Amino acid sequence: MSTEIVRRRLAYALVVCVYIFLISPLIVVSASSFDSEVYFAARFPPLSLGLKWYYEIPPKFWSALGISLTAASISSIISGVLGVLAALGIVRGKLPGTELLRSFFRIPLQIPLVVTGVVFLQFYYGLQVLLGMTLAATLPGLTIAYVFVGMPYAIGTVGSMLERLNPRLDEAAAILGCSRWRTFWWVTFPIVRPSIIAGMLYAFIVAFGDVPLSIFLSSPSYTTLPVEIFNTLQFDFNPSVLAISTLIAAVSVLSLWLIQRLVGLDMIPR
Amino acid sequence: MTLVDDPGPWRWLLVIPLTVSFLLFALPQAYFIDASFHENLGYGRIGDEWTLVNYVKIFTDPLYVGALFKTIGLAALSASLCLILGFPVSYVIARMQSRTKSALIGLLVAAMFITPVVKDLGLIILLSQNGVVNQALLLTHLFKHPVQWLGSEAGVVVGLVHYTLPLIVLLLGTVISTVPRSLEEAAHVHGASRARVFYAVIIPIVKPGMIGATLMVFNLAMGAFTTPALLGGGRVLTFAILIQRSVILDVDYPFAASLSTILLVSVFCLNVLAAYLMLRQSRLRRAAPSPSAALVQKVA
């Protein structure tokens, strides 16, 4: 029996190591962001404590944060609306070949994001030549691209909630004389609502943290925050990057915590 | 009753999302793949005739052939490491029945969804010349000099494993939960050793799902951009990075389009295979339903 215990301990030790590996970069970034006496490279563990670098976050990061938040929020709302429509159509429409329809809506997740980025950039240039409409490095351009990658998450979360929904509830409402529309608004919608918000939050997180798409759809004067951080890391390191990175990690963690409260994190749309 | 069951009106709801998907997905994609068959004339102009010039260039230039092999190699190595590390972890988590389980799953989702830029920044700090990892390695006396992680394949593999590990643990978790615990116990009762239960009971059941999950992770690693770009420091050229360079530096869209098409086709074929394998696994799942099956169906 003792080998059994050893084996179990080894397995738990591996689990702990893997989790340390997964979480450590985040801890390192947030811990070193409070180190005010570091200038050229971050160090871990930090040797001092202070908010210096939070005060010295350059304005370009703040404006990039504004762009990221705006584009990600608008696109998450649009993804949410389209996701609800698609999920209702897929689950309730009971079309033959639903499985195909599902995979069709999941395709954006299968395409490498770099490719999606180039595809959109070229498409926008084409539209510019044809219609004279500028979309590259603009808010609508970014938003459209984000909707493309965010929609599958919204469809996934709402769809799995709709599937779990007890059809008897709708029947009961119908028997009691509710119209289809009233049944939807008073029975289905309230039950599905948390999953809609969760799907929108997933779409938001994915858009908010995206680099490979946004790097093509931004310009030096119009850049999202992750791309700005990416460029800073590639060309000139500045400790205020640690501070702003900690802030955006905090935004993602907060959104995930909200999802956890709403539907639980074990329902991952992928 | 027909009022509720009639699926007709619900179908009309699909019109808007389908239109948007076709406009956003099929149209640009077709336009793009078409561009890969035209010659670049410079200054963003594209030739009118169909040609295979770009593809010939990719498959004859050692730089691009090498990059293709390197991309596949790095992705395969990362996916295998993920499988080796991820399988035991998923097994432990799948067999848990406490609140710890959902906390652990929550941490995985958090690790998966936090932007790669931040995670890579943390890895850069940890893996730097005198970072924590190198200091620890020097302490063991197995290494005389600090390891050059950043700007090398080693660093990229660490980054890719970090990027894809949460996903494979989640995917494998759903696969492993298809093996009823009672089956393992029955094998034990009949005198099978731990190792034998693993090879003769668990592995045959989870094999399709395991291969499917590994393929998905492999694809994710193949198409990854941020991690190889930051941890490779511009010295590890994967396909994704070459695509970005040919757009940003060379402004050669048709060439970028053909690079992307090759990446797209390989990823897409592997994904279809992965989906097929996962589907076979979920057929098994229906045969042996587990309490979390409904939750987890979506992941695949």
# chains A, B, ... in the order shown; residues from 1 in each chain; ligands from 1

call {"tool": "residues_around", "arguments": {"residues": "A:Pro25", "least_positions_apart": "4", "cutoff": "9 Å", "atoms": "only C-alpha atoms", "output": "list in words"}}
result
Ile20, Phe21, Val29 and Ser30 of chain A; Val118, Lys119, Asp120, Leu121, Gly122, Leu123, Ile124, Ile125 and Leu126 of chain B

call {"tool": "write_last_selection", "arguments": {"atoms": "N, CA and C atoms", "output": "short mmCIF file (atom, residue, chain, number, x, y, z; two decimals), in the first residue's frame"}}
result
data_model
loop_
_atom_site.label_atom_id
_atom_site.label_comp_id
_atom_site.auth_asym_id
_atom_site.auth_seq_id
_atom_site.Cartn_x
_atom_site.Cartn_y
_atom_site.Cartn_z
N ILE A 20 2.09 25.95 -10.42
CA ILE A 20 3.08 27.02 -10.16
C ILE A 20 3.59 27.55 -11.49
N PHE A 21 3.89 26.64 -12.41
CA PHE A 21 4.37 27.04 -13.73
C PHE A 21 3.35 27.95 -14.42
N VAL A 29 4.96 39.29 -12.69
CA VAL A 29 4.67 40.60 -13.29
C VAL A 29 4.08 41.53 -12.24
N SER A 30 3.06 41.03 -11.51
CA SER A 30 2.41 41.96 -10.59
C SER A 30 3.34 42.31 -9.43
N VAL B 118 0.92 39.51 -21.25
CA VAL B 118 1.26 39.59 -19.83
C VAL B 118 1.99 38.32 -19.38
N LYS B 119 1.47 37.16 -19.84
CA LYS B 119 2.11 35.90 -19.45
C LYS B 119 3.53 35.85 -20.00
N ASP B 120 3.72 36.31 -21.23
CA ASP B 120 5.06 36.27 -21.82
C ASP B 120 6.00 37.23 -21.11
N LEU B 121 5.47 38.38 -20.70
CA LEU B 121 6.30 39.32 -19.95
C LEU B 121 6.82 38.64 -18.68
N GLY B 122 5.93 37.92 -17.98
CA GLY B 122 6.35 37.20 -16.78
C GLY B 122 7.39 36.14 -17.09
N LEU B 123 7.18 35.40 -18.18
CA LEU B 123 8.14 34.37 -18.56
C LEU B 123 9.49 34.99 -18.93
N ILE B 124 9.45 36.15 -19.59
CA ILE B 124 10.71 36.82 -19.96
C ILE B 124 11.50 37.15 -18.69
N ILE B 125 10.79 37.66 -17.67
CA ILE B 125 11.48 38.01 -16.43
C ILE B 125 12.06 36.75 -15.78
N LEU B 126 11.25 35.68 -15.77
CA LEU B 126 11.70 34.45 -15.11
C LEU B 126 12.87 33.79 -15.84
#

call {"tool": "residues_around", "arguments": {"residues": "stretch 234-247 of chain B", "least_positions_apart": "3", "cutoff": "7 Å", "atoms": "only C-alpha atoms", "output": "number ranges by chain"}}
result
A: 114; B: 67-68, 70-71, 151-153, 223-225, 228-229, 250-253, 256, 259-260

call {"tool": "write_last_selection", "arguments": {"atoms": "all heavy atoms", "output": "compact mmCIF listing (two decimals), in the first residue's frame"}}
result
# COMPACT_ATOMS: atom_id res chain seq x y z
N VAL A 114 -3.20 35.17 -36.59
CA VAL A 114 -2.37 35.96 -37.50
C VAL A 114 -3.00 35.97 -38.89
O VAL A 114 -3.08 37.01 -39.55
CB VAL A 114 -0.96 35.36 -37.62
CG1 VAL A 114 -0.09 36.24 -38.50
CG2 VAL A 114 -0.33 35.19 -36.29
N ALA B 67 11.52 27.08 -42.18
CA ALA B 67 10.59 27.66 -41.22
C ALA B 67 9.38 26.76 -41.03
O ALA B 67 8.88 26.59 -39.91
CB ALA B 67 10.15 29.04 -41.69
N LEU B 68 8.92 26.17 -42.14
CA LEU B 68 7.75 25.28 -42.04
C LEU B 68 8.09 24.09 -41.15
O LEU B 68 7.34 23.75 -40.23
CB LEU B 68 7.34 24.81 -43.44
CG LEU B 68 6.07 23.97 -43.50
CD1 LEU B 68 4.89 24.73 -42.92
CD2 LEU B 68 5.75 23.55 -44.93
N LYS B 70 10.47 23.94 -38.94
CA LYS B 70 10.72 24.40 -37.58
C LYS B 70 9.40 24.64 -36.85
O LYS B 70 9.24 24.25 -35.69
CB LYS B 70 11.55 25.67 -37.59
CG LYS B 70 11.88 26.16 -36.20
CD LYS B 70 12.82 27.34 -36.22
CE LYS B 70 14.25 26.89 -36.30
NZ LYS B 70 15.20 28.01 -36.24
N THR B 71 8.43 25.25 -37.54
CA THR B 71 7.13 25.50 -36.93
C THR B 71 6.48 24.18 -36.51
O THR B 71 5.99 24.05 -35.38
CB THR B 71 6.21 26.23 -37.91
OG1 THR B 71 6.92 27.33 -38.46
CG2 THR B 71 4.95 26.72 -37.23
N GLY B 151 15.22 34.17 -26.96
CA GLY B 151 15.80 34.24 -28.29
C GLY B 151 16.27 32.89 -28.78
O GLY B 151 17.03 32.81 -29.72
N SER B 152 15.79 31.81 -28.13
CA SER B 152 16.17 30.48 -28.61
C SER B 152 14.94 29.60 -28.68
O SER B 152 13.89 29.93 -28.14
CB SER B 152 17.21 29.86 -27.68
OG SER B 152 16.56 29.47 -26.48
N GLU B 153 15.10 28.45 -29.33
CA GLU B 153 13.97 27.52 -29.45
C GLU B 153 13.50 27.05 -28.07
O GLU B 153 12.31 26.83 -27.86
CB GLU B 153 14.36 26.30 -30.29
CG GLU B 153 14.28 26.52 -31.78
CD GLU B 153 15.53 27.17 -32.35
OE1 GLU B 153 16.48 27.43 -31.57
OE2 GLU B 153 15.55 27.42 -33.56
N GLY B 223 -0.13 28.00 -34.90
CA GLY B 223 -0.60 29.32 -35.31
C GLY B 223 -0.25 30.42 -34.32
O GLY B 223 -0.56 31.58 -34.57
N ALA B 224 0.40 30.07 -33.20
CA ALA B 224 0.69 31.07 -32.18
C ALA B 224 1.62 32.14 -32.71
O ALA B 224 2.56 31.85 -33.45
CB ALA B 224 1.32 30.40 -30.96
N PHE B 225 1.33 33.37 -32.36
CA PHE B 225 2.17 34.47 -32.84
C PHE B 225 2.90 35.17 -31.71
O PHE B 225 4.13 35.27 -31.70
CB PHE B 225 1.33 35.47 -33.63
CG PHE B 225 2.06 36.73 -33.93
CD1 PHE B 225 3.06 36.76 -34.88
CD2 PHE B 225 1.78 37.90 -33.23
CE1 PHE B 225 3.76 37.92 -35.15
CE2 PHE B 225 2.47 39.06 -33.49
CZ PHE B 225 3.47 39.07 -34.45
N PRO B 228 5.93 33.07 -29.70
CA PRO B 228 7.21 32.91 -30.39
C PRO B 228 7.87 34.25 -30.71
O PRO B 228 9.09 34.35 -30.71
CB PRO B 228 6.86 32.16 -31.68
CG PRO B 228 5.45 31.84 -31.63
CD PRO B 228 4.84 32.41 -30.41
N ALA B 229 7.05 35.28 -30.96
CA ALA B 229 7.63 36.58 -31.30
C ALA B 229 8.36 37.16 -30.10
O ALA B 229 9.47 37.69 -30.24
CB ALA B 229 6.55 37.54 -31.79
N ASP B 250 7.77 43.73 -45.69
CA ASP B 250 7.90 43.68 -47.16
C ASP B 250 6.66 44.19 -47.89
O ASP B 250 6.72 44.38 -49.11
CB ASP B 250 8.15 42.22 -47.60
CG ASP B 250 9.30 41.59 -46.85
OD1 ASP B 250 10.13 42.37 -46.35
OD2 ASP B 250 9.36 40.36 -46.75
N VAL B 251 5.56 44.39 -47.18
CA VAL B 251 4.29 44.79 -47.79
C VAL B 251 3.98 43.93 -49.01
O VAL B 251 3.57 44.42 -50.05
CB VAL B 251 4.26 46.29 -48.16
CG1 VAL B 251 2.82 46.79 -48.22
CG2 VAL B 251 5.01 47.11 -47.14
N ASP B 252 4.19 42.62 -48.86
CA ASP B 252 3.94 41.69 -49.96
C ASP B 252 2.72 40.85 -49.60
O ASP B 252 2.83 39.77 -49.03
CB ASP B 252 5.19 40.81 -50.16
CG ASP B 252 5.09 39.97 -51.42
OD1 ASP B 252 3.98 39.82 -51.95
OD2 ASP B 252 6.13 39.45 -51.86
N TYR B 253 1.54 41.38 -49.91
CA TYR B 253 0.30 40.68 -49.52
C TYR B 253 0.13 39.33 -50.18
O TYR B 253 -0.22 38.36 -49.50
CB TYR B 253 -0.93 41.55 -49.78
CG TYR B 253 -0.99 42.69 -48.83
CD1 TYR B 253 -0.59 43.95 -49.21
CD2 TYR B 253 -1.40 42.49 -47.51
CE1 TYR B 253 -0.60 45.01 -48.33
CE2 TYR B 253 -1.41 43.53 -46.62
CZ TYR B 253 -1.02 44.78 -47.03
OH TYR B 253 -1.03 45.81 -46.15
N ALA B 256 2.30 36.89 -48.35
CA ALA B 256 1.75 36.63 -47.02
C ALA B 256 0.52 35.74 -47.14
O ALA B 256 0.29 34.85 -46.32
CB ALA B 256 1.40 37.93 -46.33
N LEU B 259 1.63 32.14 -47.72
CA LEU B 259 2.11 31.57 -46.45
C LEU B 259 0.92 31.22 -45.56
O LEU B 259 0.85 30.14 -44.97
CB LEU B 259 3.00 32.56 -45.71
CG LEU B 259 4.42 32.81 -46.22
CD1 LEU B 259 5.05 33.97 -45.47
CD2 LEU B 259 5.28 31.57 -46.07
N SER B 260 -0.03 32.16 -45.47
CA SER B 260 -1.20 31.94 -44.62
C SER B 260 -2.03 30.77 -45.12
O SER B 260 -2.56 29.99 -44.33
CB SER B 260 -2.09 33.18 -44.59
OG SER B 260 -1.34 34.30 -44.26

call {"tool": "closest_residue", "arguments": {"among": "A:Pro58, A:Pro46, A:Pro112, A:Gly126", "to": "chain B", "atoms": "only C-alpha atoms"}}
result
A:Pro112

call {"tool": "select_by_dssp", "arguments": {"residues": "stretch 16-162 of chain B", "states": "alpha helix (DSSP H)", "output": "ChimeraX atom specification"}}
result
/B:16-21,27-35,53-60,62-94,99-113,116-127,132-139,153-162

call {"tool": "closest_residue", "arguments": {"among": "B:Gly155, B:Pro166, B:Gly212, B:Gly73", "to": "B:Leu277", "atoms": "only C-alpha atoms"}}
result
B:Gly212

call {"tool": "closest_residue", "arguments": {"among": "A:Met200, A:Leu100, A:Ala87, A:Leu135", "to": "chain B", "atoms": "only C-alpha atoms"}}
result
A:Ala87

call {"tool": "residues_around", "arguments": {"residues": "A:Ile90", "least_positions_apart": "6", "cutoff": "8 Å", "atoms": "only C-alpha atoms", "output": "PyMOL selection string"}}
result
(chain A and resi 98+101-102+159) or (chain B and resi 11+14)

call {"tool": "write_last_selection", "arguments": {"atoms": "N, CA, C and O atoms", "output": "CSV table (one decimal), in the first residue's frame"}}
result
chain,number,residue,atom,x,y,z
A,98,THR,N,-27.4,20.1,-37.8
A,98,THR,CA,-27.1,21.1,-36.8
A,98,THR,C,-25.6,21.1,-36.5
A,98,THR,O,-25.0,22.1,-36.3
A,101,LEU,N,-23.7,23.2,-38.8
A,101,LEU,CA,-23.9,24.6,-38.5
A,101,LEU,C,-23.1,25.0,-37.3
A,101,LEU,O,-22.4,26.1,-37.4
A,102,ARG,N,-23.0,24.2,-36.3
A,102,ARG,CA,-22.2,24.5,-35.1
A,102,ARG,C,-20.8,24.6,-35.5
A,102,ARG,O,-20.1,25.6,-35.1
A,159,GLY,N,-25.5,28.7,-26.2
A,159,GLY,CA,-26.0,27.4,-26.7
A,159,GLY,C,-26.0,26.3,-25.7
A,159,GLY,O,-27.0,25.6,-25.6
B,11,ARG,N,-35.8,29.2,-36.7
B,11,ARG,CA,-34.8,29.1,-37.8
B,11,ARG,C,-34.5,30.5,-38.4
B,11,ARG,O,-33.4,30.7,-38.9
B,14,LEU,N,-31.5,32.6,-37.5
B,14,LEU,CA,-30.1,32.3,-38.0
B,14,LEU,C,-29.7,33.2,-39.2
B,14,LEU,O,-28.5,33.3,-39.5

call {"tool": "closest_residue", "arguments": {"among": "A:Gly66, A:Gly50, A:Pro152, A:Pro226", "to": "B:Thr226", "atoms": "only C-alpha atoms"}}
result
A:Pro226

call {"tool": "residues_around", "arguments": {"residues": "stretch 250-253 of chain A", "least_positions_apart": "5", "cutoff": "7 Å", "atoms": "only C-alpha atoms", "output": "list of chain:residue names"}}
result
A:Ile205, B:Ala110, B:Ile114
